[in-house]
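K.L.:
This one is coords18.cif, mmCIF, C-alpha atoms and all ligand atoms.
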```cif
data_model
#
loop_
_atom_site.label_atom_id
_atom_site.label_comp_id
_atom_site.auth_asym_id
_atom_site.auth_seq_id
_atom_site.Cartn_x
_atom_site.Cartn_y
_atom_site.Cartn_z
CA MET I 1 -9.02 16.59 -0.65
CA MET I 2 -6.58 19.41 -0.31
CA SER I 3 -3.65 17.07 0.22
CA ILE I 4 -4.61 15.05 -2.86
CA ASN I 5 -4.77 18.20 -4.94
CA ARG I 6 -1.45 19.33 -3.54
CA SER I 7 0.34 16.14 -4.49
CA LEU I 8 -1.18 16.26 -7.95
CA VAL I 9 0.07 19.79 -8.35
CA TYR I 10 3.55 18.88 -7.20
CA GLY I 11 3.53 15.79 -9.36
CA ALA I 12 2.67 17.93 -12.35
CA VAL I 13 5.42 20.36 -11.48
CA VAL I 14 7.99 17.61 -11.20
CA ALA I 15 6.74 16.07 -14.43
CA ALA I 16 7.01 19.45 -16.12
CA LEU I 17 10.57 19.90 -14.97
CA GLY I 18 11.51 16.34 -15.83
CA PHE I 19 10.02 16.65 -19.27
CA GLY I 20 11.84 19.94 -19.62
CA SER I 21 15.26 18.44 -19.16
CA ALA I 22 14.58 15.77 -21.79
CA ALA I 23 13.17 18.13 -24.37
CA LEU I 24 15.72 20.76 -23.48
CA ALA I 25 18.59 18.49 -24.27
CA GLY I 26 17.83 19.29 -27.89
CA GLU I 27 16.31 15.92 -28.76
CA GLY I 28 13.24 17.63 -30.16
CA HIS I 29 9.96 18.42 -28.53
CA GLY I 30 8.28 15.03 -28.95
CA HIS I 31 4.50 15.19 -28.71
CA ALA I 32 4.48 18.23 -26.42
CA PRO I 33 1.98 20.80 -27.60
CA HIS I 34 3.47 23.87 -29.14
CA TRP I 35 3.05 27.05 -27.12
CA GLY I 36 4.47 30.52 -27.43
CA TYR I 37 4.05 34.15 -26.57
CA SER I 38 2.00 35.44 -29.49
CA GLY I 39 -0.64 34.38 -31.98
CA GLU I 40 -2.78 31.27 -31.78
CA ALA I 41 -0.54 29.51 -29.27
CA GLY I 42 -0.03 32.66 -27.16
CA PRO I 43 -0.75 33.05 -23.42
CA ALA I 44 -4.51 33.60 -23.82
CA ALA I 45 -4.76 30.18 -25.52
CA TRP I 46 -2.43 28.13 -23.30
CA GLY I 47 -5.20 26.64 -21.17
CA ALA I 48 -6.93 25.23 -24.25
CA LEU I 49 -3.84 23.82 -25.99
CA ASP I 50 -3.66 20.67 -23.85
CA THR I 51 -5.63 19.15 -20.98
CA ASN I 52 -2.45 19.31 -18.89
CA PHE I 53 -2.39 23.09 -19.41
CA LYS I 54 -5.89 23.70 -18.03
CA THR I 55 -4.63 25.46 -14.91
CA CYS I 56 -3.31 28.24 -17.17
CA SER I 57 -6.91 29.35 -17.72
CA VAL I 58 -8.82 28.11 -14.65
CA GLY I 59 -6.17 28.62 -11.94
CA LYS I 60 -6.88 31.27 -9.33
CA GLU I 61 -3.29 31.64 -8.08
CA GLN I 62 -1.46 32.36 -11.30
CA SER I 63 1.80 34.18 -11.98
CA PRO I 64 3.07 36.71 -12.83
CA ILE I 65 1.18 39.53 -11.10
CA ASP I 66 1.47 43.26 -10.67
CA LEU I 67 3.15 43.79 -7.28
CA LYS I 68 1.37 46.59 -5.47
CA ALA I 69 -0.42 47.33 -2.20
CA ALA I 70 1.85 44.84 -0.47
CA LYS I 71 1.05 44.12 3.16
CA ASN I 72 3.82 44.68 5.71
CA SER I 73 4.80 41.42 7.27
CA GLU I 74 7.65 39.68 9.02
CA LEU I 75 9.24 37.64 6.27
CA ALA I 76 12.02 35.12 6.78
CA ASP I 77 15.48 36.06 5.54
CA VAL I 78 16.68 34.51 2.30
CA GLU I 79 20.00 32.84 3.08
CA ILE I 80 22.03 32.04 -0.01
CA HIS I 81 24.33 29.01 -0.21
CA TYR I 82 25.42 29.11 -3.83
CA SER I 83 28.88 28.42 -5.17
CA GLU I 84 30.66 28.34 -8.52
CA ALA I 85 29.45 25.77 -11.02
CA PRO I 86 30.55 24.77 -14.52
CA LEU I 87 28.60 26.57 -17.23
CA ASN I 88 25.62 24.63 -18.59
CA ILE I 89 23.27 26.73 -20.76
CA VAL I 90 20.19 25.61 -22.62
CA ASN I 91 18.17 27.42 -25.26
CA ASN I 92 14.86 25.56 -24.85
CA GLY I 93 12.99 27.50 -27.48
CA HIS I 94 11.29 29.66 -24.85
CA THR I 95 14.20 31.16 -22.92
CA ILE I 96 17.89 30.90 -22.06
CA GLN I 97 18.27 28.64 -19.04
CA VAL I 98 21.39 28.04 -16.93
CA ASN I 99 21.41 24.73 -15.05
CA PHE I 100 23.10 24.13 -11.71
CA PRO I 101 24.30 20.92 -10.07
CA GLU I 102 23.24 19.74 -6.61
CA GLY I 103 24.67 21.59 -3.66
CA ASN I 104 23.46 25.09 -4.46
CA TYR I 105 20.55 26.11 -2.23
CA ALA I 106 18.75 28.90 -0.44
CA THR I 107 17.31 28.61 3.06
CA ILE I 108 14.11 30.55 3.69
CA GLY I 109 12.36 30.26 7.04
CA GLY I 110 14.21 27.04 7.82
CA VAL I 111 13.20 25.45 4.50
CA LYS I 112 15.95 24.35 2.14
CA TYR I 113 15.33 25.22 -1.50
CA ASN I 114 17.72 23.55 -3.95
CA LEU I 115 18.63 25.69 -6.94
CA LEU I 116 17.86 23.92 -10.24
CA GLN I 117 18.30 26.64 -12.83
CA TYR I 118 17.85 30.27 -13.67
CA HIS I 119 16.41 31.79 -16.82
CA PHE I 120 15.23 35.10 -18.22
CA HIS I 121 12.17 36.91 -19.54
CA THR I 122 11.91 40.09 -21.62
CA THR I 123 10.21 42.28 -20.75
CA SER I 124 9.78 41.48 -17.04
CA GLU I 125 6.87 39.20 -16.13
CA HIS I 126 6.08 40.76 -12.77
CA THR I 127 5.49 44.48 -12.73
CA LEU I 128 6.07 46.86 -9.84
CA ASP I 129 3.00 49.03 -9.36
CA GLY I 130 2.44 48.84 -13.10
CA GLN I 131 6.08 49.41 -14.03
CA SER I 132 7.78 46.89 -16.27
CA PHE I 133 11.54 46.22 -16.52
CA PRO I 134 13.57 45.22 -19.60
CA LEU I 135 14.51 41.82 -18.13
CA GLU I 136 13.56 39.57 -15.23
CA ALA I 137 15.61 36.64 -13.97
CA HIS I 138 13.95 33.63 -12.30
CA LEU I 139 16.03 31.43 -10.01
CA VAL I 140 14.02 28.21 -9.77
CA HIS I 141 14.37 26.12 -6.59
CA LYS I 142 12.77 22.92 -5.35
CA THR I 143 12.58 21.50 -1.84
CA ASP I 144 13.36 17.84 -1.19
CA ASP I 145 9.59 17.20 -0.99
CA GLY I 146 8.94 18.83 -4.34
CA LYS I 147 7.72 22.31 -3.47
CA LEU I 148 8.89 25.03 -5.84
CA GLY I 149 10.30 28.38 -4.76
CA VAL I 150 11.29 30.98 -7.33
CA ILE I 151 13.41 34.06 -6.65
CA GLY I 152 12.62 36.80 -9.17
CA VAL I 153 15.09 39.60 -9.92
CA PHE I 154 14.10 42.70 -11.88
CA MET I 155 16.83 43.96 -14.21
CA LYS I 156 16.78 47.65 -15.09
CA GLU I 157 18.80 49.38 -17.75
CA GLY I 158 22.14 50.73 -16.52
CA ALA I 159 25.68 49.43 -16.27
CA GLU I 160 26.73 46.18 -17.89
CA ASN I 161 26.01 43.25 -15.57
CA PRO I 162 29.21 41.22 -15.03
CA ALA I 163 27.22 38.22 -13.74
CA LEU I 164 25.70 37.82 -17.20
CA ALA I 165 28.92 38.11 -19.20
CA ALA I 166 29.85 34.43 -19.42
CA VAL I 167 26.25 33.36 -20.00
CA TRP I 168 25.66 35.96 -22.71
CA GLU I 169 28.92 35.11 -24.48
CA ASN I 170 27.97 31.45 -24.67
CA MET I 171 24.19 31.38 -25.00
CA PRO I 172 22.97 29.18 -27.86
CA LYS I 173 21.16 31.23 -30.47
CA GLU I 174 19.08 28.22 -31.47
CA ALA I 175 17.59 25.37 -29.44
CA GLY I 176 20.36 23.34 -27.86
CA THR I 177 22.84 23.08 -25.01
CA VAL I 178 26.27 24.55 -24.40
CA GLU I 179 28.44 23.04 -21.66
CA LYS I 180 31.82 24.49 -20.76
CA ALA I 181 33.46 22.85 -17.76
CA ASP I 182 36.29 25.38 -17.75
CA ILE I 183 33.94 28.35 -17.32
CA LYS I 184 32.62 28.74 -13.78
CA ILE I 185 29.71 30.92 -12.78
CA ASN I 186 28.28 31.78 -9.38
CA PRO I 187 24.51 32.28 -9.32
CA ALA I 188 24.82 34.52 -6.25
CA GLN I 189 26.24 37.25 -8.47
CA LEU I 190 22.85 37.64 -10.13
CA LEU I 191 21.19 38.75 -6.88
CA PRO I 192 20.95 42.31 -5.53
CA THR I 193 22.99 43.05 -2.39
CA THR I 194 19.81 43.64 -0.38
CA LEU I 195 17.66 40.52 -0.29
CA THR I 196 14.31 42.00 0.77
CA TYR I 197 11.45 40.67 -1.29
CA TYR I 198 7.79 40.56 -2.19
CA ASN I 199 6.25 37.22 -1.25
CA TYR I 200 3.10 35.60 -2.61
CA ALA I 201 1.67 32.23 -3.63
CA GLY I 202 1.66 31.74 -7.39
CA SER I 203 2.41 29.43 -10.28
CA LEU I 204 4.81 28.55 -13.03
CA THR I 205 4.57 31.34 -15.65
CA THR I 206 4.79 28.83 -18.51
CA PRO I 207 2.55 25.84 -19.31
CA PRO I 208 1.40 23.80 -17.44
CA CYS I 209 1.10 26.87 -15.11
CA SER I 210 1.15 24.58 -12.03
CA GLU I 211 0.30 26.34 -8.78
CA GLY I 212 1.86 25.92 -5.33
CA VAL I 213 4.92 28.02 -6.20
CA ASN I 214 6.38 30.20 -3.43
CA TRP I 215 7.42 33.46 -5.11
CA MET I 216 10.07 35.79 -3.72
CA VAL I 217 10.53 38.78 -6.01
CA MET I 218 13.42 40.98 -4.94
CA THR I 219 12.44 44.58 -4.20
CA THR I 220 15.80 45.89 -5.47
CA PRO I 221 16.45 45.65 -9.21
CA VAL I 222 19.95 44.91 -10.52
CA GLU I 223 21.41 46.66 -13.56
CA VAL I 224 21.86 45.34 -17.06
CA SER I 225 23.19 47.24 -20.08
CA SER I 226 21.05 48.06 -23.10
CA GLY I 227 23.48 45.97 -25.17
CA GLN I 228 22.84 42.97 -22.94
CA VAL I 229 19.08 43.44 -23.21
CA GLN I 230 19.38 43.67 -26.99
CA ALA I 231 21.55 40.55 -27.19
CA PHE I 232 18.87 38.55 -25.37
CA ALA I 233 16.04 40.12 -27.38
CA ALA I 234 17.86 39.18 -30.58
CA ILE I 235 17.15 35.54 -29.63
CA PHE I 236 13.85 36.01 -27.76
CA PRO I 237 12.22 39.32 -28.75
CA GLN I 238 9.40 38.80 -26.23
CA ASN I 239 8.90 35.94 -23.78
CA ASN I 240 6.81 37.26 -20.92
CA ARG I 241 3.37 36.09 -19.83
CA PRO I 242 1.04 39.03 -19.08
CA VAL I 243 0.17 39.76 -15.43
CA GLN I 244 -2.62 37.65 -13.97
CA ALA I 245 -5.47 38.48 -11.57
CA LEU I 246 -4.49 38.62 -7.90
CA ASN I 247 -7.88 37.18 -6.84
CA GLU I 248 -7.97 36.36 -3.11
CA ARG I 249 -4.24 36.53 -2.59
CA THR I 250 -2.19 38.98 -0.54
CA VAL I 251 1.27 40.17 -1.48
CA LEU I 252 3.58 40.47 1.53
CA ILE I 253 6.63 42.66 1.97
CA GLU I 254 9.16 42.98 4.78
CA GLN I 255 8.15 45.51 7.45
ZN ZN I 301 10.42 32.28 -15.60
#
```
Would you mind giving the structure from this file in structure tokens?
P.N.:
Amino acid sequence: MMSINRSLVYGAVVAALGFGSAALAGEGHGHAPHWGYSGEAGPAAWGALDTNFKTCSVGKEQSPIDLKAAKNSELADVEIHYSEAPLNIVNNGHTIQVNFPEGNYATIGGVKYNLLQYHFHTTSEHTLDGQSFPLEAHLVHKTDDGKLGVIGVFMKEGAENPALAAVWENMPKEAGTVEKADIKINPAQLLPTTLTYYNYAGSLTTPPCSEGVNWMVMTTPVEVSSGQVQAFAAIFPQNNRPVQALNERTVLIEQ
């Protein structure tokens, strides 16, 4: 039973991502139900907008969460194998997403997670003992057998973040894609120098809210300037799902 459920979950995740790339190419949103971050199609209503979104309301392992009372544990190191890639940015109507080609991956506990894309939320989706940050980056990975792993990075206000410069200069203000082969970016520059993290089992933070996502939220925030926060907020004033109940889960942190 469990294995059937698992494959359904992963199938849904893959379908969600696959659908994403089609809709994200700017060809319109087809018959996909409209969802957003406020009003009648806001987070509290997601689960009722479409049968495929049901997990958003009935799921017991949902993301984001407030990270607190983490249990000391021996967590596997995150080993980064990212390299420069040509700039490919999508405004998908919900966030700014930067896509990466095959060959960029992280290894965590012997498992290879291939980097698909990173994107941003304002304000942060996870909170740290109740504290929110102006931005949060999500680096979305998938294993060869379809399991998702997301690295979250809190971004606090401070110095301008050079890793964002090329993305911010080129991000589409309306739904669509910008590709610039001559501009190269390295996703590793988005990460803090210390790769310790909070680890828990969660979900996608957008519909269909599929579970089975391995979350690694970095304990060390990186800096971003107020101007950079404002530039993102000018396109997406607010695109964060509220924190969800922890339920029976445990948040782990490196000893
Ligand atoms: Zn996200």
K.L.:
Would you work out the distance separating atom CA of Gln117 of chain I from atom CA of Ala85 of chain I, expressed in Å to one decimal?
P.N.:
11.3 Å
K.L.:
Find the spatial neighbours of Ala188 of chain I, counting only C-alpha atoms, within a cut-off of 9 Å - ignore same-chain residues fewer than 2 positions away - and output them as a ChimeraX atom specification.
P.N.:
/I:80-84,163,185-186,190-192
K.L.:
Which polymer residues, whether protein, DNA or RNA, lie within 9 Å of the coordinate (1.8, 37.6, -20.8) when you count only C-alpha atoms? List them as a list in words, using the chain letters and numbers from the file.
P.N.:
Tyr37, Ser38, Gly42, Pro43, Ala44, Pro64, Glu125, Thr205, Asn239, Asn240, Arg241, Pro242, Val243 and Gln244 of chain I
K.L.:
I'd like to know which of I:Asn72, I:Ser57, I:Gln189, I:Ser226 is closest to Val251 of chain I, using all atoms listed in the file.
P.N.:
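Once distances to Val251 of chain I are computed over all atoms listed in the file, the minimum belongs to I:Asn72.
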K.L.:
Show me which residues line ligand ZN 301 (chain I), defined as having an atom within 8 Å of a ligand atom where all atoms listed in the file count, and present them as a PyMOL selection string.
P.N.:
chain I and resi 118-121+125+136-140+204-206
K.L.:
Within 12 Å of Thr122 of chain I, counting all atoms listed in the file, which residues show up once you throw out same-chain ones fewer than 5 positions away? Write them as number ranges by chain, please.
P.N.:
I: 37, 94-96, 127, 132-138, 154-156, 228-242
K.L.:
Calculated over only C-alpha atoms, which of the candidates I:Ala201, I:Ile151, I:Ala165, I:Met171 has the smallest distance to Leu246 of chain I?
P.N.:
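Checking each candidate against Leu246 of chain I, we get I:Ala201 as the closest.
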K.L.:
Mind pulling up the distance from atom CA of Ser210 of chain I to atom CA of Thr55 of chain I?
P.N.:
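Going from atom CA of Thr55 of chain I over to atom CA of Ser210 of chain I covers 6.5 Å.
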K.L.:
Got a sec: who's within 10 Å of Gly109 of chain I, counting only C-alpha atoms, leaving out chain neighbours fewer than 6 positions off, as a ChimeraX atom specification?
P.N.:
/I:75-79
K.L.:
Can you work out the spacing between atom CA of Lys71 of chain I and atom CA of Gly212 of chain I in Å, to one decimal?
P.N.:
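Separating atom CA of Lys71 of chain I from atom CA of Gly212 of chain I is a distance of 20.1 Å.
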K.L.:
Which one is closest to Thr196 of chain I: I:Glu179, I:Glu174, I:Glu74, I:Glu223? Count all atoms listed in the file.
P.N.:
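Counting all atoms listed in the file, the residue closest to Thr196 of chain I is I:Glu74.
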K.L.:
Taking into account all atoms listed in the file, which residue in the set I:Asn247, I:Val167, I:Asp129, I:Gly227 is nearest to Ala70 of chain I?
P.N.:
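Going through I:Asn247, I:Val167, I:Asp129, I:Gly227 one by one, the smallest distance to Ala70 of chain I is for I:Asp129.
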K.L.:
So that I can check the surroundings of Cys209 of chain I, please list as a PyMOL selection string every protein, DNA and RNA residue that reaches within 7 Å of it, counting all atoms listed in the file and ignoring chain neighbours fewer than 6 positions away.
P.N.:
chain I and resi 53+55-56+203
K.L.:
Kindly provide, as JSON, the centre and edge lengths (Å, one decimal) of an axis-aligned box around all atoms of segment 200-212 of chain I given in the file, with 4 Å on each side.
P.N.:
```
{"center_x": 2.6, "center_y": 29.7, "center_z": -11.0, "size_x": 12.5, "size_y": 19.8, "size_z": 24.7}
```
K.L.:
Tell me which protein, DNA and RNA residues are within 6 Å of Lys112 of chain I, counting all atoms listed in the file, leaving out same-chain ones fewer than 2 positions away, and put them as a list in words.
P.N.:
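Using all atoms listed in the file, the neighbours found are Ala106, Thr107 and Thr143 of chain I.
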K.L.:
Which residue is closest to Ala181 of chain I? Choose from I:Ser73, I:Asn88, I:Asn214, I:Ser63 and count all atoms listed in the file.
P.N.:
I:Asn88
K.L.:
Please determine the residues with any atom at most 7 Å from (0.9, 47.3, -7.4) (coordinates as given in the file, with only C-alpha atoms counting) and report them as a PyMOL selection string.
P.N.:
chain I and resi 66-69+128-130
K.L.:
Restricting the output to C-alpha atoms, write the selected residues as a short mmCIF file (atom, residue, chain, number, x, y, z; two decimals), keeping the file's coordinate frame.
P.N.:
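Once written, selection-v6.cif looks like this:
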```
data_model
loop_
_atom_site.label_atom_id
_atom_site.label_comp_id
_atom_site.auth_asym_id
_atom_site.auth_seq_id
_atom_site.Cartn_x
_atom_site.Cartn_y
_atom_site.Cartn_z
CA ASP I 66 1.47 43.26 -10.67
CA LEU I 67 3.15 43.79 -7.28
CA LYS I 68 1.37 46.59 -5.47
CA ALA I 69 -0.42 47.33 -2.20
CA LEU I 128 6.07 46.86 -9.84
CA ASP I 129 3.00 49.03 -9.36
CA GLY I 130 2.44 48.84 -13.10
#
```
K.L.:
Of the residues I:Val150, I:Val111, I:Leu49, I:Ala175, which is the one nearest to Met218 of chain I, using all atoms listed in the file?
P.N.:
I:Val150
